[in-house]
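**Student:** upload.pdb is reproduced in full below (PDB, C-alpha atoms).
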MODEL        1
ATOM      1  CA  MET A   1      27.797  32.033  20.857
ATOM      2  CA  ARG A   2      24.927  31.365  23.279
ATOM      3  CA  LYS A   3      22.474  32.964  20.865
ATOM      4  CA  ILE A   4      23.663  30.731  18.012
ATOM      5  CA  VAL A   5      23.333  27.599  20.171
ATOM      6  CA  LEU A   6      19.849  28.689  21.258
ATOM      7  CA  LEU A   7      18.820  29.288  17.648
ATOM      8  CA  LEU A   8      20.136  25.874  16.586
ATOM      9  CA  VAL A   9      18.296  24.126  19.427
ATOM     10  CA  LEU A  10      15.101  25.998  18.540
ATOM     11  CA  ALA A  11      15.431  25.110  14.833
ATOM     12  CA  ALA A  12      15.984  21.417  15.658
ATOM     13  CA  ALA A  13      12.981  21.430  18.010
ATOM     14  CA  LEU A  14      10.804  22.973  15.293
ATOM     15  CA  VAL A  15      11.894  20.376  12.723
ATOM     16  CA  PHE A  16      11.116  17.543  15.135
ATOM     17  CA  ALA A  17       7.790  19.079  16.142
ATOM     18  CA  ALA A  18       6.734  19.456  12.500
ATOM     19  CA  ALA A  19       7.700  15.856  11.713
ATOM     20  CA  ALA A  20       6.026  14.580  14.874
ATOM     21  CA  LEU A  21       2.730  16.153  13.846
ATOM     22  CA  ALA A  22       2.572  13.941  10.737
ATOM     23  CA  THR A  23       4.560  10.809  11.496
ATOM     24  CA  GLU A  24       6.230   9.139  14.447
ATOM     25  CA  THR A  25       9.151   6.882  13.604
ATOM     26  CA  TYR A  26       9.126   4.661  16.662
ATOM     27  CA  GLY A  27      11.323   1.720  15.760
ATOM     28  CA  GLY A  28      14.638   2.548  14.135
ATOM     29  CA  PRO A  29      15.541   2.936  11.383
ATOM     30  CA  ARG A  30      18.079   0.383  12.603
ATOM     31  CA  TYR A  31      19.155  -3.243  12.319
ATOM     32  CA  TRP A  32      16.697  -5.789  13.717
ATOM     33  CA  TYR A  33      17.187  -9.294  15.083
ATOM     34  CA  PRO A  34      14.357 -11.879  14.864
ATOM     35  CA  GLY A  35      11.937 -11.476  17.757
ATOM     36  CA  GLU A  36      12.657  -7.796  18.352
ATOM     37  CA  GLY A  37       9.699  -5.431  18.566
ATOM     38  CA  ALA A  38       8.924  -1.775  19.188
ATOM     39  CA  GLY A  39       5.918   0.330  20.147
ATOM     40  CA  SER A  40       4.886   3.899  19.407
ATOM     41  CA  SER A  41       3.425   6.426  21.819
ATOM     42  CA  TRP A  42      -0.286   6.199  22.625
ATOM     43  CA  GLY A  43      -2.606   8.375  20.574
ATOM     44  CA  SER A  44      -6.135   8.534  19.216
ATOM     45  CA  GLY A  45      -5.070  10.026  15.878
ATOM     46  CA  TRP A  46      -2.892   7.163  14.613
ATOM     47  CA  THR A  47      -4.546   5.364  11.689
ATOM     48  CA  ARG A  48      -1.632   3.892   9.770
ATOM     49  CA  ASN A  49       1.261   1.724  10.904
ATOM     50  CA  ALA A  50       4.079   0.426   8.717
ATOM     51  CA  PHE A  51       7.382  -1.430   8.811
ATOM     52  CA  ALA A  52       9.599  -0.385   5.895
ATOM     53  CA  LYS A  53      12.737  -2.240   4.800
ATOM     54  CA  PRO A  54      15.180  -1.671   1.929
ATOM     55  CA  SER A  55      14.076  -4.931   0.265
ATOM     56  CA  SER A  56      11.642  -7.825   0.621
ATOM     57  CA  GLY A  57      12.571 -11.056   2.421
ATOM     58  CA  PRO A  58      12.575 -10.548   6.190
ATOM     59  CA  GLU A  59       9.192 -11.318   7.736
ATOM     60  CA  THR A  60       7.674  -8.471   9.737
ATOM     61  CA  THR A  61       4.433  -7.771  11.593
ATOM     62  CA  VAL A  62       2.580  -4.522  12.200
ATOM     63  CA  THR A  63      -0.452  -4.062  14.405
ATOM     64  CA  PHE A  64      -2.315  -1.622  16.625
ATOM     65  CA  ILE A  65      -2.771  -2.239  20.355
ATOM     66  CA  ASP A  66      -5.724  -0.596  22.111
ATOM     67  CA  ASN A  67      -5.332   0.900  25.579
ATOM     68  CA  SER A  68      -8.208  -0.973  27.265
ATOM     69  CA  SER A  69      -7.954  -4.686  26.415
ATOM     70  CA  TYR A  70      -4.416  -4.406  24.968
ATOM     71  CA  GLY A  71      -5.692  -6.626  22.144
ATOM     72  CA  TRP A  72      -4.209  -6.543  18.659
ATOM     73  CA  HIS A  73      -6.131  -4.980  15.773
ATOM     74  CA  ALA A  74      -5.703  -4.957  11.981
ATOM     75  CA  THR A  75      -2.558  -7.068  12.224
ATOM     76  CA  ILE A  76      -0.589  -7.754   9.055
ATOM     77  CA  ARG A  77       2.336 -10.139   8.700
ATOM     78  CA  ASN A  78       4.338 -10.649   5.501
ATOM     79  CA  GLN A  79       7.766 -10.635   3.862
ATOM     80  CA  ASP A  80       7.175  -7.575   1.692
ATOM     81  CA  MET A  81       9.421  -4.540   1.450
ATOM     82  CA  VAL A  82       6.757  -2.499   3.260
ATOM     83  CA  THR A  83       4.315  -4.158   5.646
ATOM     84  CA  TYR A  84       1.452  -1.799   6.424
ATOM     85  CA  THR A  85      -1.935  -1.608   8.059
ATOM     86  CA  ASN A  86      -4.731   0.876   8.669
ATOM     87  CA  TRP A  87      -7.091   0.961  11.639
ATOM     88  CA  TRP A  88      -9.650   3.743  11.421
ATOM     89  CA  THR A  89     -10.927   4.393  14.921
ATOM     90  CA  SER A  90     -10.732   7.246  17.410
ATOM     91  CA  GLN A  91      -9.854   4.821  20.199
ATOM     92  CA  VAL A  92      -6.557   5.458  21.993
ATOM     93  CA  LYS A  93      -3.979   3.048  20.595
ATOM     94  CA  LYS A  94      -0.342   2.562  19.813
ATOM     95  CA  GLY A  95       1.450   1.113  16.834
ATOM     96  CA  HIS A  96       3.475  -2.013  17.402
ATOM     97  CA  CYS A  97       5.890  -3.724  15.028
ATOM     98  CA  ASN A  98       7.850  -6.913  15.203
ATOM     99  CA  SER A  99      10.660  -8.460  13.194
ATOM    100  CA  ASN A 100      10.114 -12.200  12.813
ATOM    101  CA  SER A 101      13.044 -13.349  10.702
ATOM    102  CA  GLY A 102      16.501 -12.410   9.461
ATOM    103  CA  TYR A 103      18.905  -9.704  10.572
ATOM    104  CA  HIS A 104      17.904  -6.686   8.563
ATOM    105  CA  TRP A 105      17.669  -2.908   8.363
ATOM    106  CA  GLY A 106      14.301  -1.197   8.679
ATOM    107  CA  GLY A 107      12.068   1.159  10.573
ATOM    108  CA  CYS A 108       8.523   1.397  11.898
ATOM    109  CA  TYR A 109       6.329   4.460  11.797
ATOM    110  CA  VAL A 110       2.794   5.511  12.619
ATOM    111  CA  SER A 111       0.875   8.397  11.141
TER     112      SER A 111
ATOM    113  CA  MET B   1      64.628  30.657  40.419
ATOM    114  CA  SER B   2      62.621  33.595  41.707
ATOM    115  CA  ARG B   3      59.048  33.201  42.911
ATOM    116  CA  SER B   4      57.623  35.476  40.139
ATOM    117  CA  VAL B   5      59.270  33.372  37.390
ATOM    118  CA  ARG B   6      57.837  30.167  38.922
ATOM    119  CA  GLU B   7      54.366  31.727  39.071
ATOM    120  CA  GLU B   8      54.664  32.816  35.429
ATOM    121  CA  GLU B   9      55.643  29.257  34.378
ATOM    122  CA  THR B  10      52.683  27.832  36.330
ATOM    123  CA  THR B  11      50.339  30.259  34.623
ATOM    124  CA  VAL B  12      51.683  29.327  31.163
ATOM    125  CA  ALA B  13      51.349  25.597  31.942
ATOM    126  CA  ARG B  14      47.767  26.142  33.188
ATOM    127  CA  ARG B  15      46.897  28.050  30.007
ATOM    128  CA  ARG B  16      48.338  25.243  27.875
ATOM    129  CA  ARG B  17      46.276  22.653  29.808
ATOM    130  CA  TRP B  18      43.111  24.701  29.339
ATOM    131  CA  GLY B  19      43.932  25.127  25.648
ATOM    132  CA  ARG B  20      44.288  21.363  25.217
ATOM    133  CA  ARG B  21      41.047  20.732  27.124
ATOM    134  CA  ALA B  22      39.233  23.315  25.003
ATOM    135  CA  ALA B  23      40.553  21.659  21.841
ATOM    136  CA  VAL B  24      39.398  18.219  23.032
ATOM    137  CA  VAL B  25      35.956  19.543  24.053
ATOM    138  CA  GLY B  26      35.685  21.351  20.708
ATOM    139  CA  ALA B  27      36.584  18.194  18.772
ATOM    140  CA  VAL B  28      34.054  16.141  20.767
ATOM    141  CA  LEU B  29      31.363  18.778  20.101
ATOM    142  CA  VAL B  30      32.131  18.787  16.361
ATOM    143  CA  VAL B  31      31.992  14.967  16.157
ATOM    144  CA  ALA B  32      28.775  14.882  18.232
ATOM    145  CA  GLY B  33      27.290  17.551  15.967
ATOM    146  CA  VAL B  34      28.156  15.630  12.807
ATOM    147  CA  VAL B  35      26.774  12.340  14.203
ATOM    148  CA  THR B  36      23.598  14.022  15.477
ATOM    149  CA  GLY B  37      23.165  15.777  12.150
ATOM    150  CA  ALA B  38      23.552  12.511  10.251
ATOM    151  CA  VAL B  39      21.023  10.746  12.503
ATOM    152  CA  ILE B  40      18.535  13.612  12.164
ATOM    153  CA  ALA B  41      19.037  13.701   8.385
ATOM    154  CA  SER B  42      18.480   9.930   8.028
ATOM    155  CA  ARG B  43      15.349  10.087  10.190
ATOM    156  CA  ILE B  44      13.977  13.017   8.204
ATOM    157  CA  GLU B  45      14.759  11.184   4.920
ATOM    158  CA  TRP B  46      13.087   8.047   6.336
ATOM    159  CA  SER B  47       9.991  10.037   7.298
ATOM    160  CA  ASP B  48       9.952  11.701   3.881
ATOM    161  CA  ASN B  49      10.063   8.320   2.090
ATOM    162  CA  ALA B  50       7.323   6.963   4.353
ATOM    163  CA  ALA B  51       5.163  10.024   3.771
ATOM    164  CA  GLU B  52       5.792   9.791   0.016
ATOM    165  CA  LEU B  53       4.544   6.170  -0.134
ATOM    166  CA  ASP B  54       1.559   7.025   2.102
ATOM    167  CA  ALA B  55       0.610   9.881  -0.226
ATOM    168  CA  ALA B  56       1.131   7.693  -3.311
ATOM    169  CA  LEU B  57      -1.192   5.021  -1.883
ATOM    170  CA  ILE B  58      -3.902   7.631  -1.377
ATOM    171  CA  GLU B  59      -3.551   8.671  -5.026
ATOM    172  CA  ALA B  60      -3.195   5.203  -6.619
ATOM    173  CA  GLU B  61      -6.357   3.597  -7.945
ATOM    174  CA  PRO B  62      -7.194   0.271  -6.216
ATOM    175  CA  ILE B  63      -7.915  -2.638  -8.598
ATOM    176  CA  GLN B  64      -9.837  -5.580  -7.170
ATOM    177  CA  LEU B  65      -8.015  -8.829  -7.975
ATOM    178  CA  SER B  66      -9.949 -11.331  -5.928
ATOM    179  CA  SER B  67     -12.257 -11.583  -2.949
ATOM    180  CA  ILE B  68     -12.457 -13.161   0.484
ATOM    181  CA  PRO B  69     -15.882 -14.810   0.738
ATOM    182  CA  ALA B  70     -18.224 -13.986   3.600
ATOM    183  CA  ALA B  71     -18.210 -16.672   6.305
ATOM    184  CA  ASP B  72     -18.986 -17.204   9.994
ATOM    185  CA  GLY B  73     -21.072 -13.997  10.008
ATOM    186  CA  LEU B  74     -18.162 -11.924   8.692
ATOM    187  CA  PRO B  75     -18.588  -9.822   5.535
ATOM    188  CA  GLU B  76     -16.951 -10.390   2.165
ATOM    189  CA  ARG B  77     -13.730  -8.453   1.658
ATOM    190  CA  GLY B  78     -11.589  -7.682  -1.370
ATOM    191  CA  VAL B  79      -8.017  -8.302  -2.449
ATOM    192  CA  PHE B  80      -6.804  -5.087  -4.049
ATOM    193  CA  ALA B  81      -3.694  -4.022  -5.950
ATOM    194  CA  GLN B  82      -2.337  -0.498  -6.259
ATOM    195  CA  VAL B  83       0.543   0.571  -8.487
ATOM    196  CA  THR B  84       1.991   3.703  -6.931
ATOM    197  CA  SER B  85       3.902   6.645  -8.362
ATOM    198  CA  THR B  86       6.795   5.618  -6.094
ATOM    199  CA  GLY B  87       7.235   2.447  -8.168
ATOM    200  CA  HIS B  88       5.595  -0.013  -5.773
ATOM    201  CA  LEU B  89       2.933  -2.658  -6.281
ATOM    202  CA  CYS B  90       0.928  -2.892  -3.084
ATOM    203  CA  VAL B  91      -1.519  -5.730  -2.414
ATOM    204  CA  SER B  92      -4.037  -5.273   0.379
ATOM    205  CA  ASP B  93      -6.938  -6.916   2.169
ATOM    206  CA  ALA B  94      -9.691  -4.327   2.606
ATOM    207  CA  PRO B  95     -13.448  -3.842   2.959
ATOM    208  CA  LEU B  96     -15.118  -4.010  -0.471
ATOM    209  CA  ARG B  97     -16.410  -0.446  -0.287
ATOM    210  CA  SER B  98     -13.261   1.032   1.288
ATOM    211  CA  PRO B  99     -10.330  -0.420  -0.633
ATOM    212  CA  ARG B 100      -7.879   2.125   0.787
ATOM    213  CA  MET B 101      -8.698   1.246   4.384
ATOM    214  CA  GLY B 102      -7.039  -2.143   4.525
ATOM    215  CA  GLY B 103      -3.556  -3.446   5.073
ATOM    216  CA  GLY B 104      -1.043  -5.531   3.214
ATOM    217  CA  GLY B 105       2.358  -5.147   1.651
ATOM    218  CA  CYS B 106       4.305  -3.290  -1.013
ATOM    219  CA  ASN B 107       7.150  -4.514  -3.188
ATOM    220  CA  PRO B 108       8.906  -2.925  -6.157
ATOM    221  CA  ALA B 109       6.505  -3.034  -9.125
ATOM    222  CA  ASP B 110       9.114  -4.844 -11.250
ATOM    223  CA  ASP B 111       9.486  -7.593  -8.609
ATOM    224  CA  PRO B 112       6.154  -7.854  -6.779
ATOM    225  CA  LEU B 113       6.782 -11.442  -5.631
ATOM    226  CA  GLY B 114      10.145 -10.596  -4.088
ATOM    227  CA  GLY B 115      12.002 -12.983  -6.382
ATOM    228  CA  GLY B 116       9.818 -15.967  -5.417
ATOM    229  CA  SER B 117       6.760 -17.645  -6.851
ATOM    230  CA  ILE B 118       4.391 -16.520  -4.126
ATOM    231  CA  SER B 119       3.898 -13.487  -1.883
ATOM    232  CA  ALA B 120       1.303 -13.663   0.884
ATOM    233  CA  SER B 121       0.065 -11.448   3.696
ATOM    234  CA  LEU B 122      -1.626 -12.808   6.800
ATOM    235  CA  ALA B 123      -4.204 -10.386   8.223
ATOM    236  CA  TYR B 124      -6.049 -10.839  11.499
ATOM    237  CA  ASP B 125      -8.085  -9.052  14.116
ATOM    238  CA  GLY B 126      -7.764  -9.860  17.798
ATOM    239  CA  GLY B 127      -4.978 -11.694  19.519
ATOM    240  CA  PRO B 128      -2.065 -11.983  19.868
ATOM    241  CA  ALA B 129      -3.266 -15.269  21.444
ATOM    242  CA  ILE B 130      -4.795 -17.333  18.641
ATOM    243  CA  GLN B 131      -7.972 -18.126  20.619
ATOM    244  CA  ALA B 132      -8.613 -14.365  20.875
ATOM    245  CA  VAL B 133      -8.461 -13.888  17.090
ATOM    246  CA  THR B 134     -11.907 -13.077  15.711
ATOM    247  CA  ASP B 135     -11.054 -13.059  12.004
ATOM    248  CA  ALA B 136      -7.959 -14.230  10.115
ATOM    249  CA  ARG B 137      -7.374 -14.023   6.390
ATOM    250  CA  LEU B 138      -4.670 -14.774   3.855
ATOM    251  CA  ILE B 139      -4.190 -12.792   0.666
ATOM    252  CA  GLY B 140      -1.546 -12.595  -1.990
ATOM    253  CA  LEU B 141      -0.185 -13.127  -5.453
ATOM    254  CA  ALA B 142       1.355 -16.147  -7.169
ATOM    255  CA  SER B 143       3.277 -16.387 -10.415
ATOM    256  CA  GLY B 144       1.803 -17.993 -13.530
ATOM    257  CA  ASP B 145       3.686 -21.285 -13.100
ATOM    258  CA  VAL B 146       1.979 -21.981  -9.763
ATOM    259  CA  ALA B 147      -0.737 -24.632 -10.194
ATOM    260  CA  THR B 148      -1.970 -24.897  -6.603
ATOM    261  CA  VAL B 149      -1.473 -23.137  -3.291
ATOM    262  CA  ARG B 150      -2.098 -24.746   0.084
ATOM    263  CA  VAL B 151      -1.807 -23.305   3.561
ATOM    264  CA  LEU B 152      -0.237 -25.648   6.093
ATOM    265  CA  MET B 153      -1.876 -25.447   9.506
ATOM    266  CA  SER B 154      -0.236 -25.745  12.904
ATOM    267  CA  ASP B 155      -1.900 -29.147  13.484
ATOM    268  CA  GLY B 156      -0.276 -30.631  10.370
ATOM    269  CA  THR B 157      -3.361 -30.459   8.134
ATOM    270  CA  SER B 158      -3.592 -28.206   5.084
ATOM    271  CA  ARG B 159      -6.237 -26.128   3.319
ATOM    272  CA  ALA B 160      -6.560 -25.548  -0.438
ATOM    273  CA  ILE B 161      -6.474 -21.929  -1.623
ATOM    274  CA  LYS B 162      -8.341 -20.943  -4.778
ATOM    275  CA  LEU B 163      -6.360 -18.994  -7.345
ATOM    276  CA  LYS B 164      -7.819 -16.395  -9.663
ATOM    277  CA  ARG B 165      -6.137 -15.016 -12.756
ATOM    278  CA  ALA B 166      -5.342 -11.344 -12.251
ATOM    279  CA  ARG B 167      -3.848  -8.693 -14.485
ATOM    280  CA  VAL B 168      -1.921  -5.732 -13.051
ATOM    281  CA  GLY B 169      -0.812  -3.400 -15.826
ATOM    282  CA  SER B 170       0.648  -5.651 -18.503
ATOM    283  CA  ASP B 171       1.600  -8.412 -16.057
ATOM    284  CA  GLU B 172      -0.374 -11.587 -15.347
ATOM    285  CA  TYR B 173      -0.527 -13.068 -11.863
ATOM    286  CA  GLN B 174      -2.793 -15.315  -9.848
ATOM    287  CA  ALA B 175      -4.433 -13.712  -6.834
ATOM    288  CA  PHE B 176      -5.923 -15.360  -3.797
ATOM    289  CA  GLY B 177      -7.983 -14.489  -0.741
ATOM    290  CA  TYR B 178      -8.826 -16.967   1.998
ATOM    291  CA  ARG B 179     -10.591 -16.718   5.357
ATOM    292  CA  PHE B 180      -9.627 -19.137   8.143
ATOM    293  CA  ARG B 181     -12.444 -20.996   9.864
ATOM    294  CA  LYS B 182     -13.418 -19.686  13.276
ATOM    295  CA  SER B 183     -13.667 -23.282  14.484
ATOM    296  CA  ASP B 184      -9.959 -23.752  13.707
ATOM    297  CA  LEU B 185      -8.971 -20.544  15.494
ATOM    298  CA  ARG B 186     -11.025 -21.454  18.586
ATOM    299  CA  LYS B 187      -9.149 -24.759  18.791
ATOM    300  CA  GLY B 188      -5.841 -22.911  18.560
ATOM    301  CA  ILE B 189      -5.197 -24.112  15.009
ATOM    302  CA  GLY B 190      -3.634 -21.427  12.832
ATOM    303  CA  PRO B 191      -1.564 -21.104   9.692
ATOM    304  CA  ALA B 192       2.085 -22.143   9.712
ATOM    305  CA  ALA B 193       3.139 -21.720   6.070
ATOM    306  CA  VAL B 194       1.833 -20.986   2.600
ATOM    307  CA  VAL B 195       3.139 -23.414  -0.029
ATOM    308  CA  ALA B 196       3.021 -23.192  -3.824
ATOM    309  CA  PHE B 197       3.135 -26.261  -6.089
ATOM    310  CA  ASP B 198       3.645 -26.611  -9.825
ATOM    311  CA  GLU B 199       1.440 -28.740 -12.091
ATOM    312  CA  ASP B 200       3.494 -31.852 -11.257
ATOM    313  CA  GLY B 201       2.831 -31.334  -7.557
ATOM    314  CA  ALA B 202       6.396 -30.264  -6.827
ATOM    315  CA  GLU B 203       6.840 -27.544  -4.212
ATOM    316  CA  ILE B 204       8.166 -24.373  -5.848
ATOM    317  CA  GLY B 205       7.621 -21.817  -3.109
ATOM    318  CA  ARG B 206       7.081 -21.617   0.634
ATOM    319  CA  GLN B 207       6.460 -18.699   2.947
ATOM    320  CA  PRO B 208       6.281 -19.289   6.704
ATOM    321  CA  THR B 209       3.663 -17.362   8.674
ATOM    322  CA  GLY B 210       1.747 -17.574  11.930
ATOM    323  CA  ILE B 211      -0.466 -15.823  14.440
ATOM    324  CA  GLY B 212       1.136 -14.212  17.478
ATOM    325  CA  SER B 213       4.337 -12.405  18.273
TER     326      SER B 213
ENDMDL
END
Take the structure in this file and express it as structure tokens.
**Tutor:**
Amino acid sequence: MRKIVLLLVLAAALVFAAAALATETYGGPRYWYPGEGAGSSWGSGWTRNAFAKPSSGPETTVTFIDNSSYGWHATIRNQDMVTYTNWWTSQVKKGHCNSNSGYHWGGCYVS
Amino acid sequence: MSRSVREEETTVARRRRWGRRAAVVGAVLVVAGVVTGAVIASRIEWSDNAAELDAALIEAEPIQLSSIPAADGLPERGVFAQVTSTGHLCVSDAPLRSPRMGGGGCNPADDPLGGGSISASLAYDGGPAIQAVTDARLIGLASGDVATVRVLMSDGTSRAIKLKRARVGSDEYQAFGYRFRKSDLRKGIGPAAVVAFDEDGAEIGRQPTGIGS
């Protein structure tokens, strides 16, 4: 029994590790109220940040925040089904997303 | 009742209690396992969909629809469209020579305006305080029945946005790209809404927007 549990835990850890290497889903997927935001972990390898929803309508923002001035970079705000941005720099940064309107389902991810 | 009989009854009762506890713990573990599995599955599916769109955007050919003129020492940029294999039409604001390095939005290709007459993306660098914004731009698509587009500013004034006929596949749209004046941003004046009018001057679409969180 212990061996089976250990194997299951190991398999789950491997799945998460593999997914984490490519993409970090840092906000949801869940329901969002207006004004709610989320932030990813810090990293120098993140170049893309997106907020994906099942349909267009709710207004969302995605941006990158650097770890020195904490300023916003490559910010995009729209009502599209997927709001996305790219910031190509090796600077340490984190993805940040915000829901600006509506009560809706969606999730934010960086890669 | 003899002592040994009482002890035997106690032992049986204890076993029954443990059996019930084990059943409850087992049921809780099964439910927790199912819920955890469902959450993991939805997150993996979410990541897969995200990765699929990311990969499709790398493959899809960018088509330049319009441009954002150079101003205030900032270079000209392009407004690009990409029709992806995932069935999306993505419109982005990007450097002219690196059309895949920008940002914007994606909608289903059969409804790129999200059921409205206009779909706009506000893009900016710096902030979130408006005075810290170094460059702010507005891009998007409008339907064919839109005659003019204006952006309403936070001080109550408005700016005219030029429209340019654009074809994506077999569909006709009007594309636009606009750069906000640095002098406005320095004064704390930013966009509040993008409004579309028909040829009679009647408002037929409005999308609120703004700089900051």
**Student:** Restrict the distance test to only C-alpha atoms, flag each residue of chain A within 6 Å of chain B, and return the flagged residues as an NGL selection string.
**Tutor:** :A and (56 or 71-78 or 80-86)
**Student:** On this file, the PyMOL selection byres ((chain A and resi 109) around 8) gives some set of residues; write that set as an mmCIF file with C-alpha atoms, in the coordinates of the input.
**Tutor:**
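What ended up in result07.cif:
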data_model
loop_
_atom_site.group_PDB
_atom_site.id
_atom_site.type_symbol
_atom_site.label_atom_id
_atom_site.label_comp_id
_atom_site.auth_asym_id
_atom_site.auth_seq_id
_atom_site.Cartn_x
_atom_site.Cartn_y
_atom_site.Cartn_z
ATOM 1 C CA THR A 23 4.560 10.809 11.496
ATOM 2 C CA GLU A 24 6.230 9.139 14.447
ATOM 3 C CA THR A 25 9.151 6.882 13.604
ATOM 4 C CA TYR A 26 9.126 4.661 16.662
ATOM 5 C CA GLY A 27 11.323 1.720 15.760
ATOM 6 C CA SER A 40 4.886 3.899 19.407
ATOM 7 C CA ASN A 49 1.261 1.724 10.904
ATOM 8 C CA ALA A 50 4.079 0.426 8.717
ATOM 9 C CA PHE A 51 7.382 -1.430 8.811
ATOM 10 C CA GLY A 95 1.450 1.113 16.834
ATOM 11 C CA GLY A 107 12.068 1.159 10.573
ATOM 12 C CA CYS A 108 8.523 1.397 11.898
ATOM 13 C CA VAL A 110 2.794 5.511 12.619
ATOM 14 C CA SER A 111 0.875 8.397 11.141
ATOM 15 C CA ALA B 50 7.323 6.963 4.353
#
**Student:** Suppose you want the space between CA of Gly43 (chain A) and CA of Ser69 (chain A); what is it in Å?
**Tutor:**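 Interatomic distance here is 15.3 Å.
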**Student:** Can you list, as a VMD selection string, every protein, DNA or RNA residue that comes within 9 Å of Ala81 (chain B) when you count only C-alpha atoms, leaving out same-chain residues fewer than 5 positions away?
**Tutor:** chain B and resid 61 to 65 89 to 92 168
**Student:** Using C-alpha atoms, can you export the residues from the last selection as a PDB file, keeping the file's coordinate frame?
**Tutor:**
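again_20.pdb was written with the following content:
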ATOM      1  CA  GLU B  61      -6.357   3.597  -7.945  1.00  0.00           C
ATOM      2  CA  PRO B  62      -7.194   0.271  -6.216  1.00  0.00           C
ATOM      3  CA  ILE B  63      -7.915  -2.638  -8.598  1.00  0.00           C
ATOM      4  CA  GLN B  64      -9.837  -5.580  -7.170  1.00  0.00           C
ATOM      5  CA  LEU B  65      -8.015  -8.829  -7.975  1.00  0.00           C
ATOM      6  CA  LEU B  89       2.933  -2.658  -6.281  1.00  0.00           C
ATOM      7  CA  CYS B  90       0.928  -2.892  -3.084  1.00  0.00           C
ATOM      8  CA  VAL B  91      -1.519  -5.730  -2.414  1.00  0.00           C
ATOM      9  CA  SER B  92      -4.037  -5.273   0.379  1.00  0.00           C
ATOM     10  CA  VAL B 168      -1.921  -5.732 -13.051  1.00  0.00           C
TER      11      VAL B 168
END
**Student:** Using all atoms listed in the file, which residues sit within 7 Å of Ser44 (chain A) once same-chain residues fewer than 3 positions away are excluded, as a list in words?
**Tutor:** Ser90, Gln91, Val92 and Lys93 of chain A
**Student:** Could you jot down the CA of Val194 (chain B) to CA of Pro95 (chain B) separation for me, Å, one decimal place?
**Tutor:**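 Computed distance, CA of Val194 (chain B) to CA of Pro95 (chain B), equals 23.0 Å.
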**Student:** Have a look at B:Arg179, B:Arg150, B:Arg21, B:Arg206 and name the one nearest to Arg77 (chain B); count only C-alpha atoms.
**Tutor:**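 Checking each candidate against Arg77 (chain B), we get B:Arg179 as the closest.
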**Student:** Apply the PyMOL selection byres ((chain B and resi 171) around 12) to the displayed file and report the matching residues as an MDAnalysis selection string.
**Tutor:** chainID B and resid 83 89 109:112 141:144 165:170 172:174
**Student:** For each of A:Gly102, A:Pro29, A:Ala38, A:Ala22, take the minimum atom-to-atom distance to Val62 (chain A), counting all atoms listed in the file, then give the residue where this is smallest.
**Tutor:** A:Ala38
**Student:** If you measure from CA of Ile65 (chain A) to CA of Lys94 (chain A), what distance in Å do you get, rounded to one decimal?
**Tutor:**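 About the pair CA of Ile65 (chain A) and CA of Lys94 (chain A): they are 5.4 Å apart.
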**Student:** Here's a test: counting all atoms listed in the file, identify every protein, DNA and RNA residue with an atom at most 9 Å from (13.6, -13.2, 16.7) in the file's coordinate frame, and state them as a ChimeraX atom specification.
**Tutor:** /A:32-37,98-103
**Student:** Check the smallest atom-to-atom distance from each of A:Arg30, A:Thr47, A:Trp42, A:His104 to Glu59 (chain A) using only C-alpha atoms, then report the winner.
**Tutor:**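 Comparing A:Arg30, A:Thr47, A:Trp42, A:His104 against Glu59 (chain A), the winner is A:His104.
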**Student:** Can you tell me which residues surround Ser158 (chain B) at a distance of at most 12 Å, considering all atoms listed in the file, apart from same-chain residues fewer than 5 positions away, and format the answer as a tab-separated table (two decimals) with C-alpha atoms, in the frame of the given file?
**Tutor:**
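As a result, around_18.tsv now contains:
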chain	number	residue	atom	x	y	z
B	149	VAL	CA	-1.47	-23.14	-3.29
B	150	ARG	CA	-2.10	-24.75	0.08
B	151	VAL	CA	-1.81	-23.30	3.56
B	152	LEU	CA	-0.24	-25.65	6.09
B	153	MET	CA	-1.88	-25.45	9.51
B	180	PHE	CA	-9.63	-19.14	8.14
B	184	ASP	CA	-9.96	-23.75	13.71
B	189	ILE	CA	-5.20	-24.11	15.01
B	190	GLY	CA	-3.63	-21.43	12.83
B	191	PRO	CA	-1.56	-21.10	9.69
B	192	ALA	CA	2.08	-22.14	9.71
B	193	ALA	CA	3.14	-21.72	6.07
B	194	VAL	CA	1.83	-20.99	2.60
B	195	VAL	CA	3.14	-23.41	-0.03
**Student:** Would you give the centre and edge lengths, in Å to one decimal, of a box along x, y and z around the listed atoms of region 46-53 of chain A, with 3 Å added to each side, as lines of an AutoDock Vina configuration file?
**Tutor:**
center_x = 4.1
center_y = 2.5
center_z = 9.7
size_x = 23.3
size_y = 15.4
size_z = 15.8
**Student:** Can you rebuild region 18-22 of chain B with N, CA and C atoms and give it as a JSON list (two decimals), keeping the file's coordinate frame?
**Tutor:**
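Output saved as result-v5.json:
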[["chain", "number", "residue", "atom", "x", "y", "z"],
["B", 18, "TRP", "N", 44.47, 24.26, 29.71],
["B", 18, "TRP", "CA", 43.11, 24.70, 29.34],
["B", 18, "TRP", "C", 42.92, 24.70, 27.83],
["B", 19, "GLY", "N", 43.99, 25.11, 27.11],
["B", 19, "GLY", "CA", 43.93, 25.13, 25.65],
["B", 19, "GLY", "C", 43.71, 23.73, 25.09],
["B", 20, "ARG", "N", 44.46, 22.75, 25.68],
["B", 20, "ARG", "CA", 44.29, 21.36, 25.22],
["B", 20, "ARG", "C", 42.88, 20.86, 25.51],
["B", 21, "ARG", "N", 42.40, 21.16, 26.75],
["B", 21, "ARG", "CA", 41.05, 20.73, 27.12],
["B", 21, "ARG", "C", 40.00, 21.33, 26.18],
["B", 22, "ALA", "N", 40.19, 22.64, 25.89],
["B", 22, "ALA", "CA", 39.23, 23.32, 25.00],
["B", 22, "ALA", "C", 39.23, 22.67, 23.62]]
